[in-house]
file work.cif (mmCIF, C-alpha atoms)
data_upload
loop_
_atom_site.group_PDB
_atom_site.id
_atom_site.type_symbol
_atom_site.label_atom_id
_atom_site.label_comp_id
_atom_site.auth_asym_id
_atom_site.auth_seq_id
_atom_site.Cartn_x
_atom_site.Cartn_y
_atom_site.Cartn_z
ATOM 1 C CA MET A 13 54.682 48.175 -14.502
ATOM 2 C CA ALA A 14 54.824 45.314 -16.983
ATOM 3 C CA ASP A 15 54.639 41.735 -15.791
ATOM 4 C CA GLU A 16 58.200 41.036 -16.815
ATOM 5 C CA MET A 17 59.934 37.666 -17.162
ATOM 6 C CA ILE A 18 63.289 38.227 -15.464
ATOM 7 C CA PRO A 19 66.096 35.642 -15.205
ATOM 8 C CA SER A 20 66.656 34.686 -11.577
ATOM 9 C CA SER A 21 70.416 35.341 -11.609
ATOM 10 C CA ILE A 22 73.480 35.884 -13.732
ATOM 11 C CA GLY A 23 73.925 32.131 -13.577
ATOM 12 C CA SER A 24 70.724 31.481 -15.510
ATOM 13 C CA ILE A 25 71.895 33.821 -18.261
ATOM 14 C CA VAL A 26 75.245 32.033 -18.440
ATOM 15 C CA ALA A 27 73.515 28.628 -18.533
ATOM 16 C CA GLY A 28 71.397 29.814 -21.429
ATOM 17 C CA GLU A 29 74.497 30.940 -23.305
ATOM 18 C CA VAL A 30 76.073 27.515 -22.828
ATOM 19 C CA LEU A 31 73.009 25.784 -24.301
ATOM 20 C CA ALA A 32 72.455 28.062 -27.300
ATOM 21 C CA ALA A 33 73.878 31.242 -28.806
ATOM 22 C CA GLU A 34 70.419 32.798 -29.077
ATOM 23 C CA PHE A 35 68.604 35.497 -27.121
ATOM 24 C CA LEU A 36 64.937 35.619 -26.225
ATOM 25 C CA MET A 37 63.843 39.113 -25.230
ATOM 26 C CA THR A 38 62.010 39.455 -21.926
ATOM 27 C CA LEU A 39 58.552 41.006 -21.914
ATOM 28 C CA ALA A 40 58.668 44.736 -21.201
ATOM 29 C CA ASP A 41 57.886 48.166 -22.613
ATOM 30 C CA ARG A 42 60.405 49.220 -25.270
ATOM 31 C CA ASP A 43 58.460 51.441 -27.672
ATOM 32 C CA ALA A 44 59.207 55.094 -26.898
ATOM 33 C CA SER A 45 57.504 56.516 -30.013
ATOM 34 C CA VAL A 46 55.057 58.520 -27.895
ATOM 35 C CA LEU A 47 57.930 60.893 -27.059
ATOM 36 C CA ASN A 48 57.971 62.025 -30.692
ATOM 37 C CA HIS A 49 54.339 63.145 -30.711
ATOM 38 C CA PRO A 50 53.956 66.943 -31.134
ATOM 39 C CA ALA A 51 51.547 67.135 -28.187
ATOM 40 C CA PHE A 52 54.350 65.907 -25.900
ATOM 41 C CA PHE A 53 56.094 69.277 -25.617
ATOM 42 C CA HIS A 54 59.886 69.192 -25.234
ATOM 43 C CA ALA A 55 61.551 72.193 -23.627
ATOM 44 C CA THR A 56 64.788 72.661 -25.560
ATOM 45 C CA GLY A 57 67.964 74.499 -24.705
ATOM 46 C CA ARG A 58 70.598 74.183 -22.023
ATOM 47 C CA PRO A 59 69.224 75.250 -18.663
ATOM 48 C CA GLY A 60 71.342 77.162 -16.207
ATOM 49 C CA SER A 61 69.788 75.428 -13.227
ATOM 50 C CA GLN A 62 67.773 72.388 -12.237
ATOM 51 C CA VAL A 63 64.565 74.206 -13.205
ATOM 52 C CA VAL A 64 63.690 74.765 -16.876
ATOM 53 C CA ARG A 65 61.182 77.595 -17.286
ATOM 54 C CA VAL A 66 58.958 77.358 -20.377
ATOM 55 C CA PRO A 67 57.068 80.578 -21.270
ATOM 56 C CA VAL A 68 53.337 80.349 -22.026
ATOM 57 C CA LEU A 69 52.106 83.244 -24.169
ATOM 58 C CA GLY A 70 48.501 84.218 -24.848
ATOM 59 C CA TYR A 71 48.778 85.202 -28.496
ATOM 60 C CA GLY A 72 45.496 85.388 -30.408
ATOM 61 C CA HIS A 73 42.989 85.016 -27.582
ATOM 62 C CA ASP A 74 42.004 88.693 -27.129
ATOM 63 C CA LEU A 75 39.208 90.221 -29.212
ATOM 64 C CA MET A 76 39.423 93.805 -30.383
ATOM 65 C CA ALA A 77 36.823 96.291 -29.159
ATOM 66 C CA ALA A 78 35.180 99.115 -31.095
ATOM 67 C CA ALA A 79 36.899 102.448 -30.427
ATOM 68 C CA THR A 80 34.914 105.486 -29.304
ATOM 69 C CA PRO A 81 35.864 108.796 -30.928
ATOM 70 C CA ALA A 82 37.722 111.200 -28.600
ATOM 71 C CA ALA A 83 37.981 108.456 -25.963
ATOM 72 C CA GLU A 84 41.081 106.665 -24.867
ATOM 73 C CA THR A 85 41.328 102.945 -25.661
ATOM 74 C CA ALA A 86 41.419 100.900 -22.490
ATOM 75 C CA GLU A 87 44.498 98.825 -21.840
ATOM 76 C CA THR A 88 44.345 95.082 -22.414
ATOM 77 C CA ALA A 89 46.600 93.110 -20.089
ATOM 78 C CA PHE A 90 48.993 90.862 -21.945
ATOM 79 C CA THR A 91 48.392 87.259 -20.927
ATOM 80 C CA ASP A 92 51.462 85.235 -20.155
ATOM 81 C CA ASP A 93 52.546 82.528 -17.759
ATOM 82 C CA ALA A 94 55.238 79.893 -17.408
ATOM 83 C CA VAL A 95 55.640 76.185 -16.763
ATOM 84 C CA ASP A 96 58.521 75.079 -14.557
ATOM 85 C CA VAL A 97 60.058 71.652 -15.161
ATOM 86 C CA THR A 98 62.353 70.443 -12.389
ATOM 87 C CA LEU A 99 65.160 68.169 -13.518
ATOM 88 C CA ALA A 100 66.319 65.219 -11.450
ATOM 89 C CA ASN A 101 69.218 62.825 -11.853
ATOM 90 C CA TYR A 102 67.998 59.318 -12.769
ATOM 91 C CA THR A 103 70.395 56.381 -12.706
ATOM 92 C CA ILE A 104 70.511 52.636 -13.132
ATOM 93 C CA ARG A 105 73.487 50.318 -12.584
ATOM 94 C CA PHE A 106 74.386 46.784 -13.651
ATOM 95 C CA THR A 107 77.383 44.823 -12.483
ATOM 96 C CA THR A 108 79.156 41.711 -13.772
ATOM 97 C CA ASP A 109 82.122 39.951 -12.216
ATOM 98 C CA ASP A 110 85.088 38.619 -14.160
ATOM 99 C CA LEU A 111 84.021 34.969 -13.943
ATOM 100 C CA ALA A 112 80.589 35.695 -15.423
ATOM 101 C CA ARG A 113 82.164 37.707 -18.236
ATOM 102 C CA PHE A 114 84.576 34.868 -18.977
ATOM 103 C CA MET A 115 81.884 32.162 -19.007
ATOM 104 C CA ALA A 116 79.509 34.208 -21.121
ATOM 105 C CA ASP A 117 82.235 34.629 -23.762
ATOM 106 C CA GLY A 118 81.718 38.359 -24.145
ATOM 107 C CA LYS A 119 77.949 38.235 -24.575
ATOM 108 C CA ILE A 120 77.537 40.577 -21.603
ATOM 109 C CA ASP A 121 79.237 43.597 -23.126
ATOM 110 C CA PRO A 122 79.115 47.416 -23.199
ATOM 111 C CA ILE A 123 77.276 47.499 -26.535
ATOM 112 C CA MET A 124 74.323 45.618 -25.079
ATOM 113 C CA PHE A 125 74.171 47.946 -22.070
ATOM 114 C CA ALA A 126 74.489 51.052 -24.261
ATOM 115 C CA GLN A 127 71.439 49.951 -26.267
ATOM 116 C CA TYR A 128 69.672 49.205 -23.019
ATOM 117 C CA ALA A 129 70.478 52.733 -21.845
ATOM 118 C CA GLY A 130 68.645 54.389 -24.729
ATOM 119 C CA VAL A 131 65.538 52.260 -24.233
ATOM 120 C CA ASN A 132 65.390 52.765 -20.486
ATOM 121 C CA ILE A 133 65.881 56.526 -20.609
ATOM 122 C CA GLY A 134 62.903 56.759 -22.959
ATOM 123 C CA GLN A 135 60.755 54.470 -20.831
ATOM 124 C CA THR A 136 61.620 56.431 -17.690
ATOM 125 C CA LEU A 137 60.423 59.615 -19.398
ATOM 126 C CA ILE A 138 57.157 57.935 -20.375
ATOM 127 C CA SER A 139 56.694 56.701 -16.809
ATOM 128 C CA LEU A 140 57.267 60.210 -15.445
ATOM 129 C CA ALA A 141 54.696 61.598 -17.883
ATOM 130 C CA ALA A 142 52.134 58.909 -17.081
ATOM 131 C CA ASN A 143 52.434 59.698 -13.394
ATOM 132 C CA VAL A 144 51.627 63.398 -13.762
ATOM 133 C CA THR A 145 48.776 63.207 -16.275
ATOM 134 C CA ASP A 146 46.371 61.910 -13.636
ATOM 135 C CA GLY A 147 46.589 65.426 -12.187
ATOM 136 C CA PHE A 148 44.461 67.224 -14.786
ATOM 137 C CA SER A 149 41.436 68.922 -13.216
ATOM 138 C CA ASN A 150 39.033 67.676 -15.890
ATOM 139 C CA VAL A 151 38.272 63.951 -15.696
ATOM 140 C CA ALA A 152 36.480 61.794 -18.280
ATOM 141 C CA GLY A 153 35.226 58.335 -17.392
ATOM 142 C CA SER A 154 34.766 56.721 -14.004
ATOM 143 C CA ALA A 155 36.671 54.470 -11.629
ATOM 144 C CA THR A 156 33.683 52.107 -11.573
ATOM 145 C CA THR A 157 33.118 51.605 -15.337
ATOM 146 C CA THR A 158 35.221 50.223 -18.178
ATOM 147 C CA ALA A 159 36.650 52.575 -20.801
ATOM 148 C CA ALA A 160 34.258 53.476 -23.610
ATOM 149 C CA TRP A 161 34.365 55.729 -26.663
ATOM 150 C CA ALA A 162 31.694 57.906 -25.092
ATOM 151 C CA ASP A 163 34.323 58.820 -22.463
ATOM 152 C CA VAL A 164 36.716 59.820 -25.235
ATOM 153 C CA LEU A 165 34.081 62.174 -26.633
ATOM 154 C CA THR A 166 33.540 63.596 -23.142
ATOM 155 C CA ALA A 167 37.267 64.297 -22.886
ATOM 156 C CA LYS A 168 37.239 66.010 -26.284
ATOM 157 C CA ALA A 169 34.299 68.151 -25.174
ATOM 158 C CA PHE A 170 36.403 69.430 -22.244
ATOM 159 C CA LEU A 171 39.167 70.342 -24.702
ATOM 160 C CA TYR A 172 36.722 72.066 -27.059
ATOM 161 C CA VAL A 173 35.337 74.228 -24.243
ATOM 162 C CA ALA A 174 38.888 75.085 -23.136
ATOM 163 C CA LYS A 175 39.684 76.196 -26.725
ATOM 164 C CA ALA A 176 42.582 73.735 -26.864
ATOM 165 C CA SER A 177 44.165 73.356 -30.283
ATOM 166 C CA GLY A 178 46.602 71.104 -32.070
ATOM 167 C CA PRO A 179 46.979 67.316 -32.316
ATOM 168 C CA MET A 180 45.564 65.206 -29.493
ATOM 169 C CA LEU A 181 47.563 62.506 -27.738
ATOM 170 C CA SER A 182 46.228 59.796 -25.454
ATOM 171 C CA LEU A 183 48.312 57.575 -23.180
ATOM 172 C CA VAL A 184 46.264 54.712 -21.749
ATOM 173 C CA TYR A 185 46.767 51.445 -19.903
ATOM 174 C CA GLY A 186 46.584 48.211 -21.933
ATOM 175 C CA LYS A 187 43.315 47.147 -20.302
ATOM 176 C CA GLN A 188 41.792 50.529 -21.122
ATOM 177 C CA TRP A 189 42.666 50.085 -24.792
ATOM 178 C CA GLY A 190 41.336 46.520 -24.752
ATOM 179 C CA ASN A 191 38.010 47.806 -23.428
ATOM 180 C CA LEU A 192 37.945 50.484 -26.132
ATOM 181 C CA GLU A 193 38.511 47.772 -28.755
ATOM 182 C CA SER A 194 35.610 45.763 -27.318
ATOM 183 C CA ASP A 195 33.426 48.845 -27.288
ATOM 184 C CA ALA A 196 34.352 49.557 -30.917
ATOM 185 C CA LEU A 197 33.189 46.089 -31.956
ATOM 186 C CA SER A 198 29.957 46.485 -30.019
ATOM 187 C CA LEU A 199 29.361 49.686 -31.991
ATOM 188 C CA GLY A 200 29.716 47.798 -35.267
ATOM 189 C CA VAL A 201 33.288 48.699 -36.196
ATOM 190 C CA LEU A 202 34.495 45.891 -38.460
ATOM 191 C CA PRO A 203 37.846 45.348 -40.243
ATOM 192 C CA ALA A 204 36.232 45.981 -43.629
ATOM 193 C CA GLN A 205 35.195 49.474 -42.610
ATOM 194 C CA THR A 206 37.243 52.657 -42.660
ATOM 195 C CA ASN A 207 37.958 52.254 -38.934
ATOM 196 C CA ALA A 208 39.935 49.057 -39.519
ATOM 197 C CA ALA A 209 42.910 50.427 -37.550
ATOM 198 C CA ILE A 210 40.956 49.860 -34.337
ATOM 199 C CA VAL A 211 40.836 46.115 -34.987
ATOM 200 C CA ASN A 212 44.165 45.695 -36.781
ATOM 201 C CA SER A 213 46.386 47.850 -34.577
ATOM 202 C CA GLY A 214 48.610 44.986 -33.404
ATOM 203 C CA LEU A 215 50.716 45.042 -30.253
ATOM 204 C CA ASP A 216 52.857 48.136 -30.847
ATOM 205 C CA ALA A 217 52.527 51.078 -28.467
ATOM 206 C CA TYR A 218 50.894 53.239 -31.146
ATOM 207 C CA LYS A 219 47.335 52.111 -31.823
ATOM 208 C CA GLY A 220 46.364 54.620 -34.477
ATOM 209 C CA ARG A 221 44.160 57.706 -34.696
ATOM 210 C CA TYR A 222 40.487 57.528 -33.823
ATOM 211 C CA PHE A 223 38.129 60.496 -33.375
ATOM 212 C CA GLY A 224 41.182 62.627 -34.103
ATOM 213 C CA VAL A 225 43.113 61.273 -31.098
ATOM 214 C CA ASP A 226 46.439 59.426 -31.429
ATOM 215 C CA PHE A 227 46.339 56.539 -28.950
ATOM 216 C CA PHE A 228 49.407 55.024 -27.294
ATOM 217 C CA VAL A 229 49.432 52.184 -24.763
ATOM 218 C CA SER A 230 51.840 51.917 -21.835
ATOM 219 C CA SER A 231 51.979 49.760 -18.724
ATOM 220 C CA HIS A 232 53.396 52.803 -16.893
ATOM 221 C CA VAL A 233 49.925 54.359 -16.672
ATOM 222 C CA PRO A 234 49.289 54.485 -12.911
ATOM 223 C CA THR A 235 46.395 53.253 -10.826
ATOM 224 C CA SER A 236 43.987 55.519 -8.977
ATOM 225 C CA ASP A 237 41.165 55.162 -6.464
ATOM 226 C CA ALA A 238 43.058 52.707 -4.235
ATOM 227 C CA GLY A 239 44.217 50.695 -7.241
ATOM 228 C CA ALA A 240 40.737 50.080 -8.588
ATOM 229 C CA ALA A 241 41.093 52.295 -11.656
ATOM 230 C CA SER A 242 43.576 53.301 -14.347
ATOM 231 C CA ALA A 243 44.309 56.978 -14.865
ATOM 232 C CA GLY A 244 45.347 57.577 -18.458
ATOM 233 C CA ALA A 245 45.030 60.927 -20.176
ATOM 234 C CA ILE A 246 44.229 62.808 -23.374
ATOM 235 C CA TRP A 247 46.015 66.091 -24.008
ATOM 236 C CA THR A 248 46.991 68.677 -26.604
ATOM 237 C CA PRO A 249 50.233 70.694 -27.013
ATOM 238 C CA GLY A 250 50.960 72.477 -23.742
ATOM 239 C CA GLY A 251 49.284 69.878 -21.546
ATOM 240 C CA VAL A 252 52.488 67.991 -20.687
ATOM 241 C CA VAL A 253 55.994 69.439 -20.831
ATOM 242 C CA TRP A 254 59.246 67.531 -20.457
ATOM 243 C CA ALA A 255 62.830 68.708 -20.360
ATOM 244 C CA ASP A 256 66.285 67.239 -20.139
ATOM 245 C CA ALA A 257 69.864 68.446 -19.967
ATOM 246 C CA GLU A 258 73.271 67.382 -21.198
ATOM 247 C CA PHE A 259 75.991 66.398 -18.777
ATOM 248 C CA ALA A 260 79.336 68.135 -19.029
ATOM 249 C CA ASN A 261 81.983 66.313 -21.044
ATOM 250 C CA ASP A 262 84.467 64.974 -18.523
ATOM 251 C CA GLY A 263 86.985 63.905 -21.142
ATOM 252 C CA ASP A 264 86.912 60.391 -19.702
ATOM 253 C CA SER A 265 87.136 57.629 -22.322
ATOM 254 C CA ASN A 266 84.942 55.415 -20.127
ATOM 255 C CA ILE A 267 82.045 57.906 -20.322
ATOM 256 C CA VAL A 268 79.922 58.146 -23.479
ATOM 257 C CA ASN A 269 77.497 61.035 -23.881
ATOM 258 C CA LEU A 270 74.188 59.865 -25.348
ATOM 259 C CA GLY A 271 72.688 63.328 -25.826
ATOM 260 C CA ARG A 272 69.845 62.729 -23.399
ATOM 261 C CA GLY A 273 72.049 60.900 -20.921
ATOM 262 C CA GLN A 274 75.370 59.208 -20.217
ATOM 263 C CA PHE A 275 76.684 55.681 -20.303
ATOM 264 C CA GLU A 276 79.707 54.900 -18.120
ATOM 265 C CA ARG A 277 81.918 51.896 -17.556
ATOM 266 C CA VAL A 278 83.283 51.697 -14.013
ATOM 267 C CA ARG A 279 86.022 49.218 -13.192
ATOM 268 C CA ARG A 280 86.844 48.046 -9.644
ATOM 269 C CA GLY A 281 89.799 45.750 -10.175
ATOM 270 C CA THR A 282 90.213 44.789 -6.524
ATOM 271 C CA PHE A 283 86.686 43.341 -6.627
ATOM 272 C CA SER A 284 87.113 41.724 -10.091
ATOM 273 C CA GLU A 285 84.030 43.695 -10.996
ATOM 274 C CA THR A 286 82.865 45.905 -13.884
ATOM 275 C CA SER A 287 79.823 48.136 -13.510
ATOM 276 C CA TYR A 288 77.797 49.851 -16.221
ATOM 277 C CA MET A 289 76.123 53.092 -15.162
ATOM 278 C CA ILE A 290 73.308 54.782 -17.062
ATOM 279 C CA ARG A 291 72.275 58.283 -16.021
ATOM 280 C CA ALA A 292 70.048 61.029 -17.345
ATOM 281 C CA ALA A 293 68.882 64.430 -16.088
ATOM 282 C CA MET A 294 65.234 64.945 -16.980
ATOM 283 C CA GLY A 295 61.831 65.936 -15.672
ATOM 284 C CA VAL A 296 58.152 66.115 -16.628
ATOM 285 C CA SER A 297 55.479 68.573 -15.483
ATOM 286 C CA LEU A 298 51.856 69.333 -16.190
ATOM 287 C CA GLY A 299 51.676 72.410 -18.366
ATOM 288 C CA ILE A 300 48.415 74.179 -19.156
ATOM 289 C CA ASN A 301 45.868 72.430 -16.968
ATOM 290 C CA ALA A 302 42.918 72.914 -19.334
ATOM 291 C CA ALA A 303 44.908 71.478 -22.263
ATOM 292 C CA GLY A 304 44.517 67.956 -20.916
ATOM 293 C CA VAL A 305 41.960 65.567 -19.458
ATOM 294 C CA THR A 306 42.529 62.592 -17.141
ATOM 295 C CA PHE A 307 40.985 59.479 -18.700
ATOM 296 C CA LYS A 308 39.802 57.229 -15.895
ATOM 297 C CA SER A 309 38.286 53.743 -16.038
ATOM 298 C CA LEU A 310 38.005 50.485 -14.115
ATOM 299 C CA ARG A 311 41.367 48.710 -13.877
#
call {"tool": "encode", "arguments": {"input": "work.cif", "output": "structure tokens"}}
result
Amino acid sequence: MADEMIPSSIGSIVAGEVLAAEFLMTLADRDASVLNHPAFFHATGRPGSQVVRVPVLGYGHDLMAAATPAAETAETAFTDDAVDVTLANYTIRFTTDDLARFMADGKIDPIMFAQYAGVNIGQTLISLAANVTDGFSNVAGSATTTAAWADVLTAKAFLYVAKASGPMLSLVYGKQWGNLESDALSLGVLPAQTNAAIVNSGLDAYKGRYFGVDFFVSSHVPTSDAGAASAGAIWTPGGVVWADAEFANDGDSNIVNLGRGQFERVRRGTFSETSYMIRAAMGVSLGINAAGVTFKSLR
């Protein structure tokens, strides 16, 4: 997780509002652009249960054989499979009391929490994905060495052998990307060269395309090997599958459907308290095992 700067209490937020009508954003992941990458496969449709089944078909991988006159052609088994994505209900709740709302002069309001809902649903999905991608059978890199571009080429070699196709996506920890930047400079990559994106990528989640791989950075990338290493990943379409579902419309004016989730205002008048609930039904699963590679390096 990110090393976030969090106010100690509602009182500190109120004190800040008294001093100045300005907001300083805390430090945390907010960029969910990785969810739009075509290699991050989204299972669409409205499931009839908590499990979304995604068919995997083997079109185009069988070679035709020469036919022998007066001999029957042998049957070729049709290759198919499926990936099951189990949905779970994810929630988060914030509460303010009437006195805090009065002192903050409306700054703590439903609009702020609704925006917060969209960001956090996306970040939860990214976290779920990051915590399954360390399960690919093929592993590039080592828990005892820093990330290097040679490891990226090793990962691509696994994908070549597996006959994976389509755009490649990599989700790595910030330190892993920093080590790749250092390695790029040691290899002579300078801003004036065609690989300038490596040096000038800035602090957004998307770092650019290098060796044909689109790199994204996230603090949600988990540790491995007793916390000594980071376990990012590189995968192609089919490697990671995510799904979500819409909640039924309750007809309640306090509930707003967000497509991927819900935002609800809950009032408990006897407690002088208003709660804001965010919920989403979603899940992430590994898809085709050979379509991805775990990218491991020293933390």
call {"tool": "residues_around", "arguments": {"input": "work.cif", "residues": "Asp110 (chain A)", "least_positions_apart": "6", "cutoff": "8 Å", "atoms": "only C-alpha atoms", "output": "list in words"}}
result
Ser284, Glu285 and Thr286 of chain A
call {"tool": "residues_near_point", "arguments": {"input": "work.cif", "point": "(35.8, 74.1, -20.6)", "cutoff": "12 Å", "atoms": "all atoms listed in the file", "output": "list in words"}}
result
Ser149, Asn150, Val151, Thr166, Ala167, Lys168, Ala169, Phe170, Leu171, Tyr172, Val173, Ala174, Lys175, Ala176, Asn301, Ala302, Ala303, Gly304 and Val305 of chain A
call {"tool": "residues_around", "arguments": {"input": "work.cif", "residues": "Arg311 (chain A)", "least_positions_apart": "2", "cutoff": "9 Å", "atoms": "only C-alpha atoms", "output": "PyMOL selection string"}}
result
chain A and resi 155-158+185+187-188+235-236+239-243+308-309
call {"tool": "residues_around", "arguments": {"input": "work.cif", "residues": "region 50-52 of chain A", "least_positions_apart": "4", "cutoff": "8 Å", "atoms": "all atoms listed in the file", "output": "list in words"}}
result
Val46, Gly178, Pro179, Met180, Leu181, Trp247, Thr248, Pro249, Gly250, Gly251, Val252, Val253 and Trp254 of chain A
call {"tool": "residues_around", "arguments": {"input": "work.cif", "residues": "Ile267 (chain A)", "least_positions_apart": "6", "cutoff": "8 Å", "atoms": "only C-alpha atoms", "output": "list in words"}}
result
Gln274, Phe275, Glu276 and Arg277 of chain A
call {"tool": "axis_aligned_box", "arguments": {"input": "work.cif", "around": "region 253-270 of chain A", "padding_each_side": "6 Å", "output": "AutoDock Vina command-line options"}}
result
--center_x 71.6 --center_y 62.4 --center_z -21.9 --size_x 43.1 --size_y 26.0 --size_z 18.8
call {"tool": "atom_distance", "arguments": {"input": "work.cif", "atom1": "CA of Ala94 (chain A)", "atom2": "CA of Val68 (chain A)"}}
result
5.0 Å
call {"tool": "atom_distance", "arguments": {"input": "work.cif", "atom1": "CA of Ala126 (chain A)", "atom2": "CA of Asp109 (chain A)"}}
result
18.1 Å
call {"tool": "decode", "arguments": {"input": "work.cif", "residues": "region 70-88 of chain A", "atoms": "C-alpha atoms", "output": "compact mmCIF listing (two decimals), in the first residue's frame"}}
result
# COMPACT_ATOMS: atom_id res chain seq x y z
CA GLY A 70 -8.92 -22.51 -29.29
CA TYR A 71 -9.57 -21.00 -32.70
CA GLY A 72 -6.64 -21.08 -35.13
CA HIS A 73 -4.20 -23.29 -33.24
CA ASP A 74 -4.79 -26.60 -35.10
CA LEU A 75 -2.85 -27.41 -38.27
CA MET A 76 -4.49 -29.29 -41.10
CA ALA A 77 -3.12 -32.70 -42.07
CA ALA A 78 -2.76 -34.18 -45.55
CA ALA A 79 -5.68 -36.47 -46.40
CA THR A 80 -5.09 -40.02 -47.61
CA PRO A 81 -7.30 -41.20 -50.48
CA ALA A 82 -9.97 -43.74 -49.46
CA ALA A 83 -9.10 -43.18 -45.79
CA GLU A 84 -11.21 -41.50 -43.20
CA THR A 85 -9.93 -38.20 -41.77
CA ALA A 86 -9.19 -38.53 -38.08
CA GLU A 87 -11.17 -36.38 -35.70
CA THR A 88 -9.52 -33.33 -34.18
